[in-house]
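Here's run.csv, which has CSV, N, CA and C atoms:
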chain,number,residue,atom,x,y,z
A,1065,MET,N,-50.3,-23.0,69.8
A,1065,MET,CA,-50.7,-24.3,70.3
A,1065,MET,C,-49.7,-24.8,71.3
A,1066,ASP,N,-50.1,-25.4,72.4
A,1066,ASP,CA,-49.3,-25.9,73.4
A,1066,ASP,C,-48.5,-27.1,72.9
A,1067,ILE,N,-47.2,-27.1,73.1
A,1067,ILE,CA,-46.3,-28.2,72.6
A,1067,ILE,C,-46.7,-29.6,73.1
A,1068,LEU,N,-47.1,-29.6,74.4
A,1068,LEU,CA,-47.4,-30.9,74.9
A,1068,LEU,C,-48.7,-31.5,74.3
A,1069,TYR,N,-49.7,-30.6,74.1
A,1069,TYR,CA,-50.9,-31.0,73.4
A,1069,TYR,C,-50.6,-31.5,72.0
A,1070,TRP,N,-49.8,-30.7,71.3
A,1070,TRP,CA,-49.4,-31.0,69.9
A,1070,TRP,C,-48.7,-32.3,69.8
A,1071,THR,N,-47.7,-32.6,70.7
A,1071,THR,CA,-47.0,-33.9,70.6
A,1071,THR,C,-47.9,-35.1,71.0
A,1072,GLN,N,-48.9,-34.9,71.9
A,1072,GLN,CA,-49.8,-36.0,72.2
A,1072,GLN,C,-50.6,-36.4,71.0
A,1073,ASN,N,-50.9,-35.5,70.1
A,1073,ASN,CA,-51.7,-35.8,68.9
A,1073,ASN,C,-50.9,-36.2,67.7
A,1074,ASN,N,-49.6,-36.4,67.8
A,1074,ASN,CA,-48.7,-36.8,66.8
A,1074,ASN,C,-47.8,-37.9,67.3
A,1075,SER,N,-48.2,-39.1,67.3
A,1075,SER,CA,-47.5,-40.2,68.0
A,1075,SER,C,-46.0,-40.3,67.7
A,1076,TYR,N,-45.6,-40.2,66.5
A,1076,TYR,CA,-44.2,-40.4,66.2
A,1076,TYR,C,-43.4,-39.1,66.7
A,1077,ILE,N,-44.0,-38.0,66.6
A,1077,ILE,CA,-43.4,-36.8,67.1
A,1077,ILE,C,-43.3,-36.8,68.6
A,1078,SER,N,-44.4,-37.3,69.2
A,1078,SER,CA,-44.4,-37.5,70.7
A,1078,SER,C,-43.3,-38.4,71.1
A,1079,ALA,N,-43.1,-39.6,70.5
A,1079,ALA,CA,-42.1,-40.5,70.8
A,1079,ALA,C,-40.7,-39.9,70.6
A,1080,CYS,N,-40.5,-39.1,69.5
A,1080,CYS,CA,-39.3,-38.4,69.2
A,1080,CYS,C,-39.0,-37.4,70.3
A,1081,PHE,N,-40.0,-36.6,70.7
A,1081,PHE,CA,-39.9,-35.6,71.8
A,1081,PHE,C,-39.4,-36.3,73.1
A,1082,SER,N,-40.1,-37.3,73.5
A,1082,SER,CA,-39.7,-38.0,74.7
A,1082,SER,C,-38.3,-38.5,74.7
A,1083,ASN,N,-37.9,-39.1,73.6
A,1083,ASN,CA,-36.5,-39.6,73.5
A,1083,ASN,C,-35.5,-38.5,73.4
A,1084,LEU,N,-35.8,-37.4,72.7
A,1084,LEU,CA,-34.9,-36.3,72.7
A,1084,LEU,C,-34.7,-35.7,74.1
A,1085,LYS,N,-35.8,-35.7,74.8
A,1085,LYS,CA,-35.7,-35.2,76.2
A,1085,LYS,C,-34.8,-36.1,77.1
A,1086,SER,N,-34.8,-37.4,76.8
A,1086,SER,CA,-33.9,-38.3,77.6
A,1086,SER,C,-32.5,-38.2,77.1
A,1087,GLY,N,-32.2,-37.4,76.1
A,1087,GLY,CA,-30.8,-37.2,75.6
A,1087,GLY,C,-30.3,-38.1,74.5
A,1088,LYS,N,-31.2,-38.8,73.9
A,1088,LYS,CA,-30.8,-39.7,72.8
A,1088,LYS,C,-30.6,-38.9,71.5
A,1089,THR,N,-29.7,-39.4,70.7
A,1089,THR,CA,-29.3,-38.7,69.4
A,1089,THR,C,-30.3,-39.1,68.3
A,1090,GLY,N,-30.3,-38.3,67.2
A,1090,GLY,CA,-31.1,-38.7,66.1
A,1090,GLY,C,-30.8,-40.0,65.5
A,1091,ILE,N,-29.6,-40.4,65.5
A,1091,ILE,CA,-29.2,-41.8,65.0
A,1091,ILE,C,-29.8,-42.8,65.9
A,1092,GLU,N,-29.7,-42.7,67.2
A,1092,GLU,CA,-30.2,-43.6,68.1
A,1092,GLU,C,-31.7,-43.7,68.0
A,1093,LEU,N,-32.4,-42.6,67.8
A,1093,LEU,CA,-33.8,-42.6,67.6
A,1093,LEU,C,-34.2,-43.3,66.3
A,1094,SER,N,-33.5,-43.0,65.3
A,1094,SER,CA,-33.9,-43.7,64.0
A,1094,SER,C,-33.8,-45.2,64.1
A,1095,ARG,N,-32.8,-45.7,64.8
A,1095,ARG,CA,-32.6,-47.1,64.9
A,1095,ARG,C,-33.7,-47.7,65.8
A,1096,GLU,N,-34.0,-47.0,66.9
A,1096,GLU,CA,-35.0,-47.5,67.8
A,1096,GLU,C,-36.5,-47.5,67.3
A,1097,MET,N,-36.7,-46.4,66.5
A,1097,MET,CA,-38.1,-46.2,66.0
A,1097,MET,C,-38.3,-46.8,64.6
A,1098,PHE,N,-37.2,-47.4,64.0
A,1098,PHE,CA,-37.3,-47.9,62.7
A,1098,PHE,C,-37.7,-46.9,61.7
A,1099,ARG,N,-37.2,-45.7,61.8
A,1099,ARG,CA,-37.4,-44.6,60.9
A,1099,ARG,C,-36.1,-44.1,60.3
A,1100,SER,N,-36.1,-43.4,59.2
A,1100,SER,CA,-34.9,-42.9,58.6
A,1100,SER,C,-34.4,-41.7,59.5
A,1101,GLN,N,-33.1,-41.5,59.3
A,1101,GLN,CA,-32.6,-40.3,60.0
A,1101,GLN,C,-33.2,-39.0,59.5
A,1102,LYS,N,-33.6,-39.0,58.3
A,1102,LYS,CA,-34.2,-37.8,57.7
A,1102,LYS,C,-35.6,-37.6,58.4
A,1103,THR,N,-36.3,-38.6,58.6
A,1103,THR,CA,-37.6,-38.5,59.3
A,1103,THR,C,-37.5,-38.0,60.7
A,1104,ILE,N,-36.5,-38.5,61.4
A,1104,ILE,CA,-36.3,-38.1,62.8
A,1104,ILE,C,-35.8,-36.6,62.8
A,1105,SER,N,-35.0,-36.3,61.8
A,1105,SER,CA,-34.5,-34.9,61.7
A,1105,SER,C,-35.7,-33.9,61.4
A,1106,THR,N,-36.6,-34.4,60.6
A,1106,THR,CA,-37.8,-33.6,60.3
A,1106,THR,C,-38.7,-33.4,61.6
A,1107,HIS,N,-38.9,-34.5,62.3
A,1107,HIS,CA,-39.6,-34.4,63.6
A,1107,HIS,C,-38.9,-33.4,64.6
A,1108,LYS,N,-37.6,-33.6,64.7
A,1108,LYS,CA,-36.8,-32.7,65.6
A,1108,LYS,C,-37.0,-31.2,65.1
A,1109,ARG,N,-36.9,-31.0,63.9
A,1109,ARG,CA,-37.0,-29.6,63.3
A,1109,ARG,C,-38.4,-29.0,63.7
A,1110,LYS,N,-39.5,-29.8,63.5
A,1110,LYS,CA,-40.8,-29.4,63.9
A,1110,LYS,C,-40.9,-29.1,65.3
A,1111,ILE,N,-40.3,-29.9,66.2
A,1111,ILE,CA,-40.4,-29.6,67.6
A,1111,ILE,C,-39.6,-28.3,67.9
A,1112,MET,N,-38.5,-28.1,67.3
A,1112,MET,CA,-37.7,-26.9,67.5
A,1112,MET,C,-38.5,-25.7,67.1
A,1113,LEU,N,-39.2,-25.8,66.0
A,1113,LEU,CA,-40.0,-24.6,65.5
A,1113,LEU,C,-41.1,-24.3,66.5
A,1114,LYS,N,-41.8,-25.4,67.0
A,1114,LYS,CA,-42.8,-25.2,68.0
A,1114,LYS,C,-42.3,-24.6,69.3
A,1115,LEU,N,-41.1,-24.9,69.7
A,1115,LEU,CA,-40.6,-24.4,70.9
A,1115,LEU,C,-39.9,-23.1,70.7
A,1116,GLY,N,-39.6,-22.7,69.5
A,1116,GLY,CA,-38.9,-21.5,69.2
A,1116,GLY,C,-37.5,-21.5,69.5
A,1117,VAL,N,-36.8,-22.6,69.3
A,1117,VAL,CA,-35.4,-22.7,69.6
A,1117,VAL,C,-34.6,-22.9,68.3
A,1118,LYS,N,-33.3,-22.5,68.4
A,1118,LYS,CA,-32.5,-22.5,67.1
A,1118,LYS,C,-31.4,-23.5,67.1
A,1119,ASN,N,-31.1,-24.2,68.2
A,1119,ASN,CA,-30.0,-25.2,68.1
A,1119,ASN,C,-30.3,-26.3,69.1
A,1120,ASP,N,-29.4,-27.3,69.1
A,1120,ASP,CA,-29.6,-28.4,70.0
A,1120,ASP,C,-29.5,-28.1,71.5
A,1121,LEU,N,-28.6,-27.2,71.8
A,1121,LEU,CA,-28.5,-26.8,73.2
A,1121,LEU,C,-29.8,-26.1,73.7
A,1122,GLU,N,-30.3,-25.2,72.9
A,1122,GLU,CA,-31.6,-24.6,73.3
A,1122,GLU,C,-32.7,-25.6,73.4
A,1123,LEU,N,-32.7,-26.6,72.5
A,1123,LEU,CA,-33.7,-27.6,72.5
A,1123,LEU,C,-33.6,-28.5,73.8
A,1124,ARG,N,-32.4,-28.8,74.1
A,1124,ARG,CA,-32.3,-29.6,75.3
A,1124,ARG,C,-32.7,-28.9,76.6
A,1125,LYS,N,-32.4,-27.6,76.7
A,1125,LYS,CA,-32.8,-26.8,77.8
A,1125,LYS,C,-34.4,-26.7,77.8
A,1126,ALA,N,-35.0,-26.4,76.7
A,1126,ALA,CA,-36.4,-26.3,76.6
A,1126,ALA,C,-37.2,-27.6,76.9
A,1127,THR,N,-36.7,-28.7,76.5
A,1127,THR,CA,-37.4,-30.0,76.8
A,1127,THR,C,-37.3,-30.3,78.2
A,1128,HIS,N,-36.2,-30.0,78.9
A,1128,HIS,CA,-36.1,-30.3,80.3
A,1128,HIS,C,-37.0,-29.4,81.2
A,1129,LYS,N,-37.4,-28.3,80.7
A,1129,LYS,CA,-38.3,-27.4,81.4
A,1129,LYS,C,-39.8,-27.9,81.3
A,1130,LEU,N,-40.1,-28.7,80.3
A,1130,LEU,CA,-41.5,-29.1,80.1
A,1130,LEU,C,-41.8,-30.4,80.8
A,1131,GLN,N,-43.0,-30.6,81.2
A,1131,GLN,CA,-43.4,-31.8,81.9
A,1131,GLN,C,-44.0,-32.7,80.8
A,1132,PRO,N,-43.8,-34.0,80.9
A,1132,PRO,CA,-44.4,-34.9,79.9
A,1132,PRO,C,-45.9,-35.0,80.0
A,1133,PRO,N,-46.6,-35.3,78.9
A,1133,PRO,CA,-48.1,-35.4,79.0
A,1133,PRO,C,-48.4,-36.6,79.8
A,1134,HIS,N,-49.5,-36.5,80.6
A,1134,HIS,CA,-50.0,-37.7,81.4
A,1134,HIS,C,-51.1,-38.3,80.8
Structure encoded using structure tokens:
Amino acid sequence: MDILYWTQNNSYISACFSNLKSGKTGIELSREMFRSQKTISTHKRKIMLKLGVKNDLELRKATHKLQPPH
């Protein structure tokens, strides 16, 4: 499944994806989205699995290659 399609249909994951792409940390996201750090971590882990990346550096590189959904 395409990551952009998948994030469009999961609003919190989509917001998390967009904010991760802008370089925000999990702590910043949890405060802005009024979600626990554990929830944000889970969303981040799901995004990483979908993208097939293993660490934060690979995640950052992968998210910058993708275009946001319109």
message: Give me the residues near segment 1102-1108 of chain A as a PyMOL selection string, where near means some atom within 12 Å (using only C-alpha atoms) and where sequence neighbours in that chain fewer than 3 positions away do not count.
response: chain A and resi 1071+1074-1085+1088-1099+1111-1120+1123-1124+1127
statement: What separates atom C of Ala1126 of chain A and atom N of Ser1086 of chain A is a distance of 10.1 Å
query: What residues in chain A get the DSSP label alpha helix (DSSP H)? Please answer as a PyMOL selection string.
result: chain A and resi 1067-1072+1075-1085+1090-1097+1101-1115+1120-1129
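Atom pair atom C of Arg1109 of chain A / atom CA of Lys1125 of chain A has a distance of 15.3 Å (rounded to one decimal).
You will find atom CA of Leu1121 of chain A at 18.9 Å from atom C of Gln1101 of chain A.
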Export: segment 1077-1093 of chain A, N, CA, C and O atoms, as an mmCIF file, in the first residue's frame:
data_model
loop_
_atom_site.group_PDB
_atom_site.id
_atom_site.type_symbol
_atom_site.label_atom_id
_atom_site.label_comp_id
_atom_site.auth_asym_id
_atom_site.auth_seq_id
_atom_site.Cartn_x
_atom_site.Cartn_y
_atom_site.Cartn_z
ATOM 1 N N ILE A 1077 -2.077 9.690 12.185
ATOM 2 C CA ILE A 1077 -0.820 9.248 11.592
ATOM 3 C C ILE A 1077 -0.395 10.234 10.508
ATOM 4 O O ILE A 1077 0.777 10.554 10.381
ATOM 5 N N SER A 1078 -1.353 10.743 9.758
ATOM 6 C CA SER A 1078 -1.052 11.740 8.740
ATOM 7 C C SER A 1078 -0.454 12.996 9.362
ATOM 8 O O SER A 1078 0.542 13.536 8.873
ATOM 9 N N ALA A 1079 -1.051 13.464 10.453
ATOM 10 C CA ALA A 1079 -0.525 14.644 11.144
ATOM 11 C C ALA A 1079 0.866 14.365 11.696
ATOM 12 O O ALA A 1079 1.767 15.209 11.604
ATOM 13 N N CYS A 1080 1.046 13.194 12.242
ATOM 14 C CA CYS A 1080 2.344 12.798 12.778
ATOM 15 C C CYS A 1080 3.374 12.752 11.651
ATOM 16 O O CYS A 1080 4.480 13.286 11.785
ATOM 17 N N PHE A 1081 3.021 12.162 10.521
ATOM 18 C CA PHE A 1081 3.910 12.074 9.364
ATOM 19 C C PHE A 1081 4.327 13.464 8.896
ATOM 20 O O PHE A 1081 5.502 13.734 8.687
ATOM 21 N N SER A 1082 3.357 14.360 8.762
ATOM 22 C CA SER A 1082 3.658 15.716 8.304
ATOM 23 C C SER A 1082 4.595 16.439 9.252
ATOM 24 O O SER A 1082 5.522 17.130 8.825
ATOM 25 N N ASN A 1083 4.350 16.285 10.542
ATOM 26 C CA ASN A 1083 5.190 16.958 11.527
ATOM 27 C C ASN A 1083 6.577 16.331 11.623
ATOM 28 O O ASN A 1083 7.565 17.037 11.823
ATOM 29 N N LEU A 1084 6.659 15.026 11.479
ATOM 30 C CA LEU A 1084 7.972 14.379 11.461
ATOM 31 C C LEU A 1084 8.769 14.856 10.256
ATOM 32 O O LEU A 1084 9.970 15.094 10.345
ATOM 33 N N LYS A 1085 8.079 15.024 9.155
ATOM 34 C CA LYS A 1085 8.737 15.487 7.936
ATOM 35 C C LYS A 1085 9.312 16.888 8.129
ATOM 36 O O LYS A 1085 10.355 17.211 7.592
ATOM 37 N N SER A 1086 8.643 17.696 8.946
ATOM 38 C CA SER A 1086 9.133 19.053 9.187
ATOM 39 C C SER A 1086 10.251 19.089 10.229
ATOM 40 O O SER A 1086 10.787 20.149 10.522
ATOM 41 N N GLY A 1087 10.586 17.921 10.797
ATOM 42 C CA GLY A 1087 11.723 17.836 11.706
ATOM 43 C C GLY A 1087 11.388 17.914 13.184
ATOM 44 O O GLY A 1087 12.285 17.998 14.012
ATOM 45 N N LYS A 1088 10.111 17.868 13.522
ATOM 46 C CA LYS A 1088 9.727 17.938 14.930
ATOM 47 C C LYS A 1088 10.012 16.620 15.637
ATOM 48 O O LYS A 1088 9.974 15.553 15.040
ATOM 49 N N THR A 1089 10.280 16.717 16.929
ATOM 50 C CA THR A 1089 10.553 15.519 17.729
ATOM 51 C C THR A 1089 9.248 14.919 18.241
ATOM 52 O O THR A 1089 8.197 15.558 18.209
ATOM 53 N N GLY A 1090 9.343 13.697 18.740
ATOM 54 C CA GLY A 1090 8.183 13.033 19.313
ATOM 55 C C GLY A 1090 7.599 13.789 20.490
ATOM 56 O O GLY A 1090 6.383 13.866 20.656
ATOM 57 N N ILE A 1091 8.453 14.386 21.300
ATOM 58 C CA ILE A 1091 7.985 15.164 22.456
ATOM 59 C C ILE A 1091 7.217 16.395 21.986
ATOM 60 O O ILE A 1091 6.140 16.701 22.513
ATOM 61 N N GLU A 1092 7.748 17.084 20.986
ATOM 62 C CA GLU A 1092 7.052 18.256 20.438
ATOM 63 C C GLU A 1092 5.704 17.856 19.860
ATOM 64 O O GLU A 1092 4.699 18.545 20.080
ATOM 65 N N LEU A 1093 5.683 16.738 19.139
ATOM 66 C CA LEU A 1093 4.423 16.270 18.551
ATOM 67 C C LEU A 1093 3.401 15.924 19.619
ATOM 68 O O LEU A 1093 2.227 16.258 19.484
#
